[in-house]
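Chemist: Sending over a structure as structure tokens; questions will come in a sec.
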Amino acid sequence: MSEQSISVLNNLIQVNKDTEEGFRTAAENVEDTNLKKIFLTKANTYQLAVTSLQGHVAKMDGEYEENGTLLGSIHRGWINIKGALTGKDSHAILVECEKGEDIVKAAYAKALEQNLQQNVRSLIQGQYETVIKDHDQIRDLRDNYGTSI
């Protein structure tokens, strides 16, 4: 079960790293200072999640991931392109951010379906609750910016 837990944690490390970098990219591509601040706060939250997950892998004598995924890199590239093409349109960038949040939410839900050590399950469950709140906040912001156009 330890190897499976390490594998699940490493997958979440990659997803969180992608999301952290995605929010940093989003912050660079919006002009709205409120959104920029929200995106940077979210990036820091995901960075803390990565550090926590890596710490758990290390405690289990495993090798932890340090980078995101190719797919995450592609998504960040899309945010850059979308930012350039839409004139750094806040709503368009929020749409992309919500897509990223959907991926994170699904990754955590899938992780919680696995046979995990109890301490790992507790860590993932706690982070999952934060992920849901973050997702809902981004969704609501997307909706609010979509109607204010």
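Ordering of the structure tokens sets the chain letters (A, B, ...); residue numbers start at 1 within each chain; ligands are numbered from 1 in the order shown.
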Do you know which residues are at most 6 Å from A:Lys36 counting only C-alpha atoms, after dropping those on the same chain fewer than 3 positions away, and could you put them as an MDAnalysis selection string?
Modeler: chainID A and resid 27 33 39
Chemist: If you run DSSP on this backbone, which residues of chain A come out as helix (DSSP H, G or I), and could you give them as a ChimeraX atom specification?
Modeler: /A:2-28,33-59,70-85,90-112,118-147
Chemist: So which one's closest to A:Leu141, A:His56, A:His91, A:Arg121, A:Arg24? Using only C-alpha atoms, please.
Modeler: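 With only C-alpha atoms as the atom set, the closest residue is A:His91.
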Chemist: From the set A:Glu65, A:Glu96, A:Asp102, A:Asp143, which residue has the shortest atom-to-atom contact distance to A:Ser7, counting only C-alpha atoms?
Modeler: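 Checking each of A:Glu65, A:Glu96, A:Asp102, A:Asp143 against A:Ser7, counting only C-alpha atoms, the winner is A:Glu65.
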Chemist: Quick check, in Å to one decimal: how far apart do atom CA of A:Lys42 and atom CA of A:Lys59 lie?
Modeler: 25.9 Å
Chemist: Fewer than 3 positions away in the same chain doesn't count, so skip those; otherwise give me all residues within 10 Å of stretch 124-131 of chain A, counting only C-alpha atoms, as a ChimeraX atom specification.
Modeler: /A:8-9,12,16,42,45-46,49,52-53,101-102,104-109,111-112,116,118-121,134-137
Chemist: Could those residues be written to a file, using N, CA and C atoms, as an mmCIF file, in the first residue's frame?
Modeler:
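Just written: out_10.cif:
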data_model
loop_
_atom_site.group_PDB
_atom_site.id
_atom_site.type_symbol
_atom_site.label_atom_id
_atom_site.label_comp_id
_atom_site.auth_asym_id
_atom_site.auth_seq_id
_atom_site.Cartn_x
_atom_site.Cartn_y
_atom_site.Cartn_z
ATOM 1 N N VAL A 8 0.105 7.868 -5.781
ATOM 2 C CA VAL A 8 -1.033 8.793 -5.727
ATOM 3 C C VAL A 8 -0.551 10.180 -5.313
ATOM 4 N N LEU A 9 0.301 10.234 -4.303
ATOM 5 C CA LEU A 9 0.825 11.524 -3.845
ATOM 6 C C LEU A 9 1.624 12.209 -4.950
ATOM 7 N N LEU A 12 -0.639 13.788 -7.439
ATOM 8 C CA LEU A 12 -1.205 15.029 -6.906
ATOM 9 C C LEU A 12 -0.163 16.141 -6.861
ATOM 10 N N ASN A 16 -0.891 19.618 -8.628
ATOM 11 C CA ASN A 16 -0.809 20.850 -7.847
ATOM 12 C C ASN A 16 0.251 21.790 -8.409
ATOM 13 N N LYS A 42 -3.901 31.979 -4.780
ATOM 14 C CA LYS A 42 -4.182 30.578 -5.124
ATOM 15 C C LYS A 42 -2.883 29.847 -5.477
ATOM 16 N N THR A 45 -1.205 28.905 -2.350
ATOM 17 C CA THR A 45 -1.906 27.797 -1.694
ATOM 18 C C THR A 45 -1.505 26.468 -2.314
ATOM 19 N N TYR A 46 -1.447 26.425 -3.645
ATOM 20 C CA TYR A 46 -1.053 25.189 -4.323
ATOM 21 C C TYR A 46 0.424 24.872 -4.086
ATOM 22 N N ALA A 49 0.554 23.146 -0.846
ATOM 23 C CA ALA A 49 0.053 21.773 -0.993
ATOM 24 C C ALA A 49 1.151 20.875 -1.555
ATOM 25 N N SER A 52 3.671 20.082 1.151
ATOM 26 C CA SER A 52 3.116 19.125 2.100
ATOM 27 C C SER A 52 3.107 17.708 1.522
ATOM 28 N N LEU A 53 2.672 17.580 0.277
ATOM 29 C CA LEU A 53 2.642 16.273 -0.372
ATOM 30 C C LEU A 53 4.057 15.707 -0.521
ATOM 31 N N GLU A 101 -9.059 24.026 -12.566
ATOM 32 C CA GLU A 101 -9.613 23.629 -11.269
ATOM 33 C C GLU A 101 -10.433 22.342 -11.391
ATOM 34 N N ASP A 102 -11.123 22.171 -12.517
ATOM 35 C CA ASP A 102 -11.872 20.928 -12.752
ATOM 36 C C ASP A 102 -10.930 19.727 -12.756
ATOM 37 N N VAL A 104 -7.986 19.477 -11.238
ATOM 38 C CA VAL A 104 -7.502 19.246 -9.868
ATOM 39 C C VAL A 104 -8.564 18.527 -9.046
ATOM 40 N N LYS A 105 -9.787 19.004 -9.141
ATOM 41 C CA LYS A 105 -10.892 18.397 -8.387
ATOM 42 C C LYS A 105 -11.048 16.922 -8.759
ATOM 43 N N ALA A 106 -10.992 16.624 -10.037
ATOM 44 C CA ALA A 106 -11.120 15.233 -10.497
ATOM 45 C C ALA A 106 -9.943 14.380 -10.015
ATOM 46 N N ALA A 107 -8.747 14.942 -10.014
ATOM 47 C CA ALA A 107 -7.560 14.196 -9.563
ATOM 48 C C ALA A 107 -7.683 13.832 -8.081
ATOM 49 N N TYR A 108 -8.172 14.763 -7.273
ATOM 50 C CA TYR A 108 -8.350 14.477 -5.846
ATOM 51 C C TYR A 108 -9.457 13.449 -5.616
ATOM 52 N N ALA A 109 -10.549 13.578 -6.353
ATOM 53 C CA ALA A 109 -11.649 12.606 -6.207
ATOM 54 C C ALA A 109 -11.152 11.210 -6.563
ATOM 55 N N ALA A 111 -8.046 10.154 -6.446
ATOM 56 C CA ALA A 111 -7.084 9.742 -5.417
ATOM 57 C C ALA A 111 -7.799 9.161 -4.204
ATOM 58 N N LEU A 112 -8.898 9.777 -3.833
ATOM 59 C CA LEU A 112 -9.637 9.318 -2.652
ATOM 60 C C LEU A 112 -10.342 7.984 -2.874
ATOM 61 N N LEU A 116 -5.539 3.736 0.334
ATOM 62 C CA LEU A 116 -4.429 4.549 0.839
ATOM 63 C C LEU A 116 -4.214 4.344 2.330
ATOM 64 N N GLN A 118 -3.983 5.562 6.054
ATOM 65 C CA GLN A 118 -4.909 6.492 6.702
ATOM 66 C C GLN A 118 -4.354 7.914 6.774
ATOM 67 N N ASN A 119 -3.069 8.057 7.108
ATOM 68 C CA ASN A 119 -2.509 9.410 7.203
ATOM 69 C C ASN A 119 -2.478 10.099 5.840
ATOM 70 N N VAL A 120 -2.262 9.331 4.777
ATOM 71 C CA VAL A 120 -2.276 9.875 3.427
ATOM 72 C C VAL A 120 -3.701 10.272 3.041
ATOM 73 N N ARG A 121 -4.665 9.414 3.352
ATOM 74 C CA ARG A 121 -6.064 9.715 3.059
ATOM 75 C C ARG A 121 -6.500 10.999 3.770
ATOM 76 N N ASP A 134 -11.762 26.408 -3.616
ATOM 77 C CA ASP A 134 -11.070 27.188 -4.646
ATOM 78 C C ASP A 134 -11.800 27.096 -5.982
ATOM 79 N N HIS A 135 -12.195 25.892 -6.342
ATOM 80 C CA HIS A 135 -12.925 25.694 -7.598
ATOM 81 C C HIS A 135 -14.187 26.541 -7.621
ATOM 82 N N ASP A 136 -14.952 26.480 -6.546
ATOM 83 C CA ASP A 136 -16.214 27.209 -6.486
ATOM 84 C C ASP A 136 -15.993 28.723 -6.546
ATOM 85 N N GLN A 137 -14.926 29.200 -5.926
ATOM 86 C CA GLN A 137 -14.622 30.627 -5.978
ATOM 87 C C GLN A 137 -14.287 31.049 -7.417
#
Chemist: I'd like to know which of A:Val50, A:Leu94, A:Leu123, A:Ile103 is closest to A:Arg139, using only C-alpha atoms.
Modeler: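 Among A:Val50, A:Leu94, A:Leu123, A:Ile103, it is A:Leu94 that comes nearest to A:Arg139.
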Chemist: Return the single residue from A:Thr41, A:Thr19, A:Asn10, A:Ser5 that is closest to A:Gln54, with distances computed using only C-alpha atoms.
Modeler: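 For A:Gln54, the nearest of the given residues is A:Asn10.
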Chemist: Between atom CA of A:Ala43 and atom CA of A:Gln117, what is the distance, to one decimal in Å?
Modeler: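 Computed distance, atom CA of A:Ala43 to atom CA of A:Gln117, equals 27.5 Å.
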Chemist: One decimal, in Å: what's the spacing between atom CA of A:Gly100 and atom CA of A:Lys133?
Modeler: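 These two atoms are separated by 13.9 Å.
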Chemist: Determine the nearest neighbour of A:Lys88 from the options A:Lys17, A:Asn11, A:Gly22, A:Leu35, counting only C-alpha atoms.
Modeler: A:Leu35
